[in-house]
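*Asks:* Attaching a single structure in structure tokens format; questions to follow.
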Amino acid sequence: MRSLQAVLLGLLLAMSTLSGCLFSGESDEAQEELFPVIKYSPSSNIRAGDVVYFDASSSTPSDGSLTYRWDFDSDNSIDETGRTAEWTFQVTGTFEVTLTISDGSRSKDTSKSITIGEAGAEPPSATITQYSDSEDCEDEAISENTHIVLWICERDKEMSDRSIDATMTVSLDGSDSDSGDPSQYIASWHWDLNLNEDSDADGDSENDADLSGESVNWENVAPGEYEIALTVKNDVGFVDKDTIRVYISYAGYWSDFEISGNTSNNAIEEDFDVMIVYDKDGGNTIRKAVAELTYPQQDGDCTPVVGTNNCRAKLDLYAYNEDDEEAANTSEVGIDQRSDGDDCDESNNDCIYLTLSSYLFTDSDSTYGDGEWTITIQNDKFNDLLVESFVIRLYYK
């Protein structure tokens, strides 16, 4: 009996040990990942003798279980402990500051390079040169002294090309930047073209070097609203940043093209594809889109039937979002309302306008979102028609 009891006791102890191992493993897997984060102030242009304040409170887990060890002079020894710390760099140079966090059983470290300049060093001044087109695509003067405002004007588009996919090259100039002191010079110009993306993963989404150089060409820029930044660094390692908004609007023109008549009880349609951008989080939001159609009131080849108005033309515009949902149309605009107004200056023509406000492109249950939209010219009449002009304009400013 004692032998059996001993065996049973041994089995219970073994199961207990195994169970402990299993539960211990599950507990370890459930532990939050250690993630050390260094923040410091001032974050740039630090001079020898300045007090720098370091903060690790964004490290995780944030449940109070962590200890913090700081090495400020890259000698692999602990200089300070605690979630926050202060340090004064007495000499110039670049220092690798290391933070090590521990929860008692695990440790993890991270480092940041900090440049210390001379006590008398001056920071540079970054300046992006502002400019704009002198006129928009309708030859209207542009008055602008804050942003970069440009237009893409495609004046003679063919009917074989009914997609709006034009881009342009934007010239960016940082030559008005100043080094900060006559004895200093600017060592680098870095252009960040997307302030919402931290492509170099340094914790600052506005200092990426998407392009480098005093003056650069930003190529293949589509219609839209953009905020960009220029970061300059002088020879003593001090930096400064300037930002500017770039607005690129668009106008595309088609002229003297024929749209067939409705001879089979199916309206004839010509589709034009246009990319609409409304990204509120990214700061790229269209202000409005406008389609303008000018066509003759009567087809010259039409034979009138006595007592009818069979030769009176009527074309309409329809707008569909990328899910093919109809957002707006001009079908309710009466015939008599199409030849009025200063913009329709030829007595034999009709003019119809479809204006899509920015609200239509927002992402909500009652609107239609952005993306690839379609503007459609529809002819529900029997006779074909030679259209004088069709214009699509995208206003981002």
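Going by the structure tokens order, chains are called A, B, ..., each with residues numbered from 1, while ligands are numbered from 1 in the order shown.
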For range 258-265 of chain A, list every protein, DNA or RNA residue within 9 Å, evaluated using only C-alpha atoms, and leave out those in the same chain fewer than 5 positions away; present the list as a list in words.

*Replies:*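 Listed by chain and then number, they are Glu270, Ile377, Gln378, Asn379, Asp380, Lys381, Phe382, Asn383, Asp384, Leu385, Leu386, Val387 and Glu388 of chain A.
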
*Asks:* Restricting the output to C-alpha atoms, write the selected residues as a PDB file, in the first residue's frame.

*Replies:*
```pdb
ATOM      1  CA  GLU A 270     -20.297  58.946 -73.139  1.00  0.00           C
ATOM      2  CA  ILE A 377     -22.999  62.827 -71.031  1.00  0.00           C
ATOM      3  CA  GLN A 378     -26.407  61.379 -71.886  1.00  0.00           C
ATOM      4  CA  ASN A 379     -28.423  61.890 -75.074  1.00  0.00           C
ATOM      5  CA  ASP A 380     -31.998  60.646 -74.783  1.00  0.00           C
ATOM      6  CA  LYS A 381     -33.115  62.317 -78.033  1.00  0.00           C
ATOM      7  CA  PHE A 382     -33.356  60.621 -81.430  1.00  0.00           C
ATOM      8  CA  ASN A 383     -30.945  62.896 -83.297  1.00  0.00           C
ATOM      9  CA  ASP A 384     -27.182  62.763 -83.001  1.00  0.00           C
ATOM     10  CA  LEU A 385     -25.460  66.000 -82.080  1.00  0.00           C
ATOM     11  CA  LEU A 386     -22.115  67.709 -82.621  1.00  0.00           C
ATOM     12  CA  VAL A 387     -21.059  68.924 -79.169  1.00  0.00           C
ATOM     13  CA  GLU A 388     -19.192  72.206 -79.080  1.00  0.00           C
TER      14      GLU A 388
END
```

*Asks:* Check the smallest atom-to-atom distance from each of A:Asp363, A:Glu219, A:Glu332, A:Asp271 to Ala319 in chain A using only C-alpha atoms, then report the winner.

*Replies:* A:Asp271

*Asks:* Hey, which of A:Val37, A:Ile78, A:Met275, A:Ile46 ends up closest to Val91 in chain A? Count only C-alpha atoms.

*Replies:* A:Ile46

*Asks:* Write out as a PyMOL selection string the residues lying within 6 Å of Thr127 in chain A, counting only C-alpha atoms and excluding same-chain residues fewer than 2 positions away.

*Replies:* chain A and resi 174+176-177+242

*Asks:* Taking the backbone alone, and naming residues the way the document does, which bits of range 83-217 of chain A are strand (DSSP E or B) by DSSP, as a PyMOL selection string?

*Replies:* chain A and resi 84-88+93-102+107-117+125+132+135+141+148-157+163-164+168-173+178+186-192+211-212+215-217

*Asks:* Near Gln298 in chain A, counting only C-alpha atoms, which residues have an atom at most 7 Å away, once you skip same-chain residues fewer than 5 positions from it, shown as a list in words?

*Replies:* Cys311, Arg312 and Ala313 of chain A

*Asks:* Need to verify the contact set: Lys39 in chain A, 10 Å, only C-alpha atoms, exclusion of same-chain residues closer than 4 positions in sequence. Can you return it as a list in words?

*Replies:*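 Within the cut-off, the hits are Ser43, Tyr53, Phe54, Asp55, Ala56, Ser57, Ser58, Ser59, Thr84, Lys112 and Gly203 of chain A.
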
*Asks:* Could you pull the residues within 12 Å of Glu33 in chain A, counting only C-alpha atoms, minus those fewer than 6 positions along the same chain, as an MDAnalysis selection string?

*Replies:* chainID A and resid 59:62 66 101:103 106:108

*Asks:* Out of A:Arg245, A:Trp373, A:Ser160, A:Val391, which residue has the shortest atom-to-atom distance to Ser132 in chain A when counting only C-alpha atoms?

*Replies:*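 Closest to Ser132 in chain A, using only C-alpha atoms: A:Arg245.
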
*Asks:* Kindly indicate which residue among A:Glu206, A:Ser183, A:Leu195, A:Gln130 lies nearest to Val170 in chain A, using only C-alpha atoms for the distances.

*Replies:*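 Comparing A:Glu206, A:Ser183, A:Leu195, A:Gln130 against Val170 in chain A, the winner is A:Gln130.
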
*Asks:* Report as a tab-separated table (two decimals) with N, CA and C atoms, in the first residue's frame all protein, DNA and RNA residues lying within 8 Å of Ile164 in chain A, evaluated on only C-alpha atoms, omitting residues in the same chain fewer than 4 positions from it.

*Replies:*
```tsv
chain	number	residue	atom	x	y	z
A	252	GLY	N	-9.77	69.87	-67.91
A	252	GLY	CA	-9.62	69.11	-69.14
A	252	GLY	C	-10.70	69.51	-70.13
A	272	PHE	N	-16.73	59.68	-68.82
A	272	PHE	CA	-15.44	60.32	-68.57
A	272	PHE	C	-15.03	59.97	-67.13
A	273	ASP	N	-13.87	59.35	-66.98
A	273	ASP	CA	-13.40	58.89	-65.67
A	273	ASP	C	-12.50	59.94	-65.03
A	274	VAL	N	-12.74	60.18	-63.73
A	274	VAL	CA	-11.99	61.20	-63.03
A	274	VAL	C	-11.72	60.74	-61.60
A	275	MET	N	-10.48	60.88	-61.15
A	275	MET	CA	-10.10	60.51	-59.79
A	275	MET	C	-10.36	61.69	-58.86
```

*Asks:* Calculated over only C-alpha atoms, which of the candidates A:Ser125, A:Asn196, A:Thr231, A:Asn207 has the smallest distance to Asp181 in chain A?

*Replies:*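 Ranked by minimum distance to Asp181 in chain A, first place goes to A:Ser125.
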
*Asks:* Take CA of Ser331 in chain A and CA of Asp156 in chain A and report the distance between them in Å, one decimal.

*Replies:* 27.4 Å

*Asks:* What is the distance between CA of Lys280 in chain A and CA of Thr374 in chain A, in Å to one decimal?

*Replies:* 21.7 Å

*Asks:* Which residue, A:Glu227, A:Asn45, A:Ile38, A:Tyr131, has the smallest gap to Glu96 in chain A when you use only C-alpha atoms?

*Replies:*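 Ranked by minimum distance to Glu96 in chain A, first place goes to A:Ile38.
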